[in-house]
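The next block holds one structure in the form of structure tokens; read it before the comments.
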Amino acid sequence: MRNSIAIAGGGIGGLAAALCCAQADQEVQLFERAAAFTEVGAGIQLGPNVTRILQAWGLGQGLQSVAAFPPQLQVRQALTGQCTGQLRWGAQAVARYGAPYATVHRADLHQLLLDAVHAHSSVRLHLNQGVTGYSTQADGVRVGLDDGAPLNVHALIGADGLWSRVRGQLLGDGPARFSGHLAYRALLNQSDLPAALRSPDVTVWMGPHLHVVNYPVRGGELMNLVAIVNGPEPQDLSSWDHSANAADLQRALGGVCPALQALIDAVPAWRLWPLCDRPPMRSATEQAQGRVALLGDAAHPMRPYMAQGAGMAIEDADVLGRCLAQPGLNLPEQLAHYAQQRWQRNARVQQRAVRNGQIFHATGMVRWGRDTATRLFGERLLDVPWLYNGP
């Protein structure tokens with residue numbers, strides 16, 4: 001039976017959900033509050049668990065044309081520049097996990113998904129139209145919209161991000177929490193950098209109360225640079241695109257090594273993103289109840305220290321589509337099955353992301369132990385088979 005499904009949110013998670021629902025032969029209407037389908041410029045890391053799914057969706061060639069495929073991860077000390085560990089990707093990631101490790105501009109991935117959604121006649125996209133709330137009925141959901149005209153559908157998927165209105169009604173658990181960390185981000189043309197600063201790798205610089213990540217996007221043409229430091233809570237947590245004061249970042253970084261300082265100095269302007277999350281999921285009912293389900297950041301916003309925020313949204317969408325295609329179950333049972341398959345893995349990634357943030361920003365003996373362990377165990381410590389092998 002073909003069901004009608006409303007999706008709130010036109011970001012990466014919402015578009016991925018729309019694509020998978022359409023592939024499962026569902027009738028889809030997606031509602032985006034903004035006036036255009038756009039993404040703020042920033043990079044995304046996609047592990048083999050995610051690129052494998054994109055390939056299965058028929059997007060492997062498109063990804064190949066817009067992404068970069070770093071040959072390795074490097075871990076360096078922010079204060080000395082010393083390399084403490086490496087993890088080979090490239091052909092080794094493909095050999096080990098059946099798919100590559102990729103880094104991509106967020107807007108490029110968004111466009112790739114949008115083009116794929118446009119190819120399905122069963123999907124209708126609505127701009128300037130957000131979901132304001134809903135009421136459940138015995139055989140469906142009545143969805144409230146910004147223009148005041150309600151919509152009757154069989155199910156509602158909340159993929160409307162960190163400040164999800166759908167989650168607010170479904171769970172009533174208040175706003176997301178500020179993590180105490182601020183992310184300063186920038187995109188640089190690699191051709192504008194001195195040769196010594198250009199890099200095809202993912203490099204993580206770890207220091208006391210801070211870390212910096214740089215990696216290529218757009219086929220290596222650009223470098224995505226993110227510096228994360230401890231900092232005070234901004235007045236406005238709802239935006240991830242504040243203007244930033246470079247002097248504030250310089251004070252927070254302190255005396256980093258010359259190579260990292262040169263990279264920081266090469267940035268003409270920074271944008272500020274206050275990092276927020278929620279506690280790890282505790283049950284399947286936090287991901288679906290009845291005919292209403294949550295996906296991506298609406299369900300499990302996480303700190304970026306596993307580089308899996310977009311990845312978990314894409315995994316969610318893939319499982320959702322497969323559950324909706326299961327015969328012999330009614331729609332609430334299919335959504336319950338989706339939640340049961342997803343919540344524990346999402347919770348594990350949320351927990352590991354919090355722990356990684358503590359490790360990355362460690363001081364004293366914990367910092368010494370981190371660097372020593374990375375030097376001794378290298379790839380065995382840095383690789384994450386349980387994650388990259390998929391759900």
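Within each chain, counting starts at residue 1; across the structure tokens, chains are named A, B, ... in the order shown, with ligands numbered 1 upward in that order.
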Within 9 Å of Ala252 (chain A), counting only C-alpha atoms, which residues show up once you throw out same-chain ones fewer than 6 positions away? Write them as a ChimeraX atom specification, please. /A:209-210,229-231
Just to be explicit: take each residue in the selection above, keep N, CA and C atoms, and write the result as a compact mmCIF listing (two decimals), in the first residue's frame.
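Writing the result to again07.txt gives the following:
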```txt
# COMPACT_ATOMS: atom_id res chain seq x y z
N HIS A 209 42.24 22.06 26.06
CA HIS A 209 40.98 22.79 25.94
C HIS A 209 40.68 23.23 24.50
N LEU A 210 41.27 22.54 23.52
CA LEU A 210 41.04 22.94 22.13
C LEU A 210 41.41 21.81 21.19
N VAL A 229 37.01 25.37 20.58
CA VAL A 229 37.59 25.79 21.85
C VAL A 229 36.50 25.86 22.91
N ASN A 230 36.92 25.81 24.16
CA ASN A 230 35.98 26.06 25.25
C ASN A 230 35.60 27.54 25.24
N GLY A 231 34.34 27.83 25.51
CA GLY A 231 33.93 29.23 25.49
C GLY A 231 32.58 29.45 26.12
```
Those in region 43-161 of chain A with strand (DSSP E or B) from DSSP, as an MDAnalysis selection string: chainID A and resid 43:46 68 72:77 83:88 102:105 123:126 131:137 140:145 151:153 155:158
I'd like to know which residues of region 12-78 of chain A are alpha helix (DSSP H) (by DSSP, run on the backbone); could you write them as a PyMOL selection string? chain A and resi 12-23+48-56+60-66
How would the residues just chosen look if you wrote them out with N, CA and C atoms as an mmCIF file, in the first residue's frame?
```
data_model
loop_
_atom_site.group_PDB
_atom_site.id
_atom_site.type_symbol
_atom_site.label_atom_id
_atom_site.label_comp_id
_atom_site.auth_asym_id
_atom_site.auth_seq_id
_atom_site.Cartn_x
_atom_site.Cartn_y
_atom_site.Cartn_z
ATOM 1 N N ILE A 12 19.957 17.935 4.838
ATOM 2 C CA ILE A 12 20.479 16.663 4.348
ATOM 3 C C ILE A 12 19.635 15.506 4.853
ATOM 4 N N GLY A 13 19.251 15.519 6.133
ATOM 5 C CA GLY A 13 18.435 14.436 6.671
ATOM 6 C C GLY A 13 17.066 14.370 6.027
ATOM 7 N N GLY A 14 16.422 15.530 5.843
ATOM 8 C CA GLY A 14 15.101 15.555 5.236
ATOM 9 C C GLY A 14 15.116 15.069 3.797
ATOM 10 N N LEU A 15 16.104 15.513 3.016
ATOM 11 C CA LEU A 15 16.202 15.068 1.626
ATOM 12 C C LEU A 15 16.525 13.584 1.548
ATOM 13 N N ALA A 16 17.409 13.104 2.415
ATOM 14 C CA ALA A 16 17.715 11.668 2.436
ATOM 15 C C ALA A 16 16.475 10.862 2.782
ATOM 16 N N ALA A 17 15.685 11.348 3.742
ATOM 17 C CA ALA A 17 14.449 10.658 4.105
ATOM 18 C C ALA A 17 13.468 10.652 2.941
ATOM 19 N N ALA A 18 13.337 11.799 2.251
ATOM 20 C CA ALA A 18 12.427 11.866 1.113
ATOM 21 C C ALA A 18 12.836 10.886 0.029
ATOM 22 N N LEU A 19 14.135 10.795 -0.242
ATOM 23 C CA LEU A 19 14.630 9.883 -1.267
ATOM 24 C C LEU A 19 14.321 8.437 -0.904
ATOM 25 N N CYS A 20 14.582 8.061 0.347
ATOM 26 C CA CYS A 20 14.365 6.674 0.754
ATOM 27 C C CYS A 20 12.884 6.322 0.827
ATOM 28 N N CYS A 21 12.064 7.264 1.255
ATOM 29 C CA CYS A 21 10.622 7.012 1.264
ATOM 30 C C CYS A 21 10.106 6.829 -0.158
ATOM 31 N N ALA A 22 10.595 7.651 -1.087
ATOM 32 C CA ALA A 22 10.184 7.506 -2.486
ATOM 33 C C ALA A 22 10.643 6.171 -3.054
ATOM 34 N N GLN A 23 11.855 5.765 -2.715
ATOM 35 C CA GLN A 23 12.358 4.477 -3.184
ATOM 36 C C GLN A 23 11.559 3.320 -2.611
ATOM 37 N N PRO A 48 33.079 5.226 5.706
ATOM 38 C CA PRO A 48 32.623 4.158 4.805
ATOM 39 C C PRO A 48 31.201 3.678 5.106
ATOM 40 N N ASN A 49 30.773 3.792 6.354
ATOM 41 C CA ASN A 49 29.394 3.429 6.690
ATOM 42 C C ASN A 49 28.389 4.291 5.949
ATOM 43 N N VAL A 50 28.783 5.512 5.587
ATOM 44 C CA VAL A 50 27.890 6.447 4.907
ATOM 45 C C VAL A 50 28.076 6.382 3.392
ATOM 46 N N THR A 51 29.324 6.376 2.922
ATOM 47 C CA THR A 51 29.539 6.337 1.472
ATOM 48 C C THR A 51 29.006 5.032 0.883
ATOM 49 N N ARG A 52 29.033 3.956 1.665
ATOM 50 C CA ARG A 52 28.462 2.696 1.195
ATOM 51 C C ARG A 52 26.969 2.846 0.915
ATOM 52 N N ILE A 53 26.266 3.579 1.768
ATOM 53 C CA ILE A 53 24.831 3.806 1.576
ATOM 54 C C ILE A 53 24.598 4.681 0.350
ATOM 55 N N LEU A 54 25.369 5.751 0.217
ATOM 56 C CA LEU A 54 25.205 6.632 -0.939
ATOM 57 C C LEU A 54 25.447 5.877 -2.236
ATOM 58 N N GLN A 55 26.402 4.981 -2.244
ATOM 59 C CA GLN A 55 26.635 4.154 -3.429
ATOM 60 C C GLN A 55 25.427 3.273 -3.712
ATOM 61 N N ALA A 56 24.851 2.680 -2.670
ATOM 62 C CA ALA A 56 23.679 1.817 -2.846
ATOM 63 C C ALA A 56 22.478 2.598 -3.361
ATOM 64 N N GLY A 60 26.970 7.099 -5.998
ATOM 65 C CA GLY A 60 28.424 6.960 -5.902
ATOM 66 C C GLY A 60 29.174 7.785 -6.931
ATOM 67 N N GLN A 61 28.694 7.783 -8.177
ATOM 68 C CA GLN A 61 29.376 8.552 -9.216
ATOM 69 C C GLN A 61 29.269 10.046 -8.955
ATOM 70 N N GLY A 62 28.088 10.480 -8.497
ATOM 71 C CA GLY A 62 27.922 11.893 -8.167
ATOM 72 C C GLY A 62 28.827 12.310 -7.031
ATOM 73 N N LEU A 63 28.947 11.460 -6.017
ATOM 74 C CA LEU A 63 29.838 11.762 -4.900
ATOM 75 C C LEU A 63 31.276 11.846 -5.378
ATOM 76 N N GLN A 64 31.654 10.950 -6.267
ATOM 77 C CA GLN A 64 33.023 10.935 -6.785
ATOM 78 C C GLN A 64 33.367 12.263 -7.455
ATOM 79 N N SER A 65 32.373 12.911 -8.049
ATOM 80 C CA SER A 65 32.630 14.136 -8.802
ATOM 81 C C SER A 65 32.737 15.376 -7.920
ATOM 82 N N VAL A 66 32.239 15.312 -6.679
ATOM 83 C CA VAL A 66 32.243 16.523 -5.845
ATOM 84 C C VAL A 66 33.081 16.393 -4.576
#
```
Nearest candidate to Leu294 (chain A) (options A:Phe360, A:Phe37, A:Trp343, A:Trp270; using only C-alpha atoms): A:Trp343
Smallest atom-to-atom distance to Val292 (chain A): which of A:Ala269, A:Cys257, A:Leu387, A:Leu170, using only C-alpha atoms? A:Leu170
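Closest approach to Gly9 (chain A) among A:Arg106, A:Arg165, A:Arg342, A:Arg375 is made by A:Arg165 (distances from only C-alpha atoms).
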Pairwise distance for CA of Pro234 (chain A) and CA of Leu187 (chain A), rounded to one decimal in Å: 22.5 Å
Find the residues near region 189-201 of chain A: any atom within 12 Å, counting only C-alpha atoms, skip ones fewer than 6 places away on the same chain, and give them as a count of residues only. 42
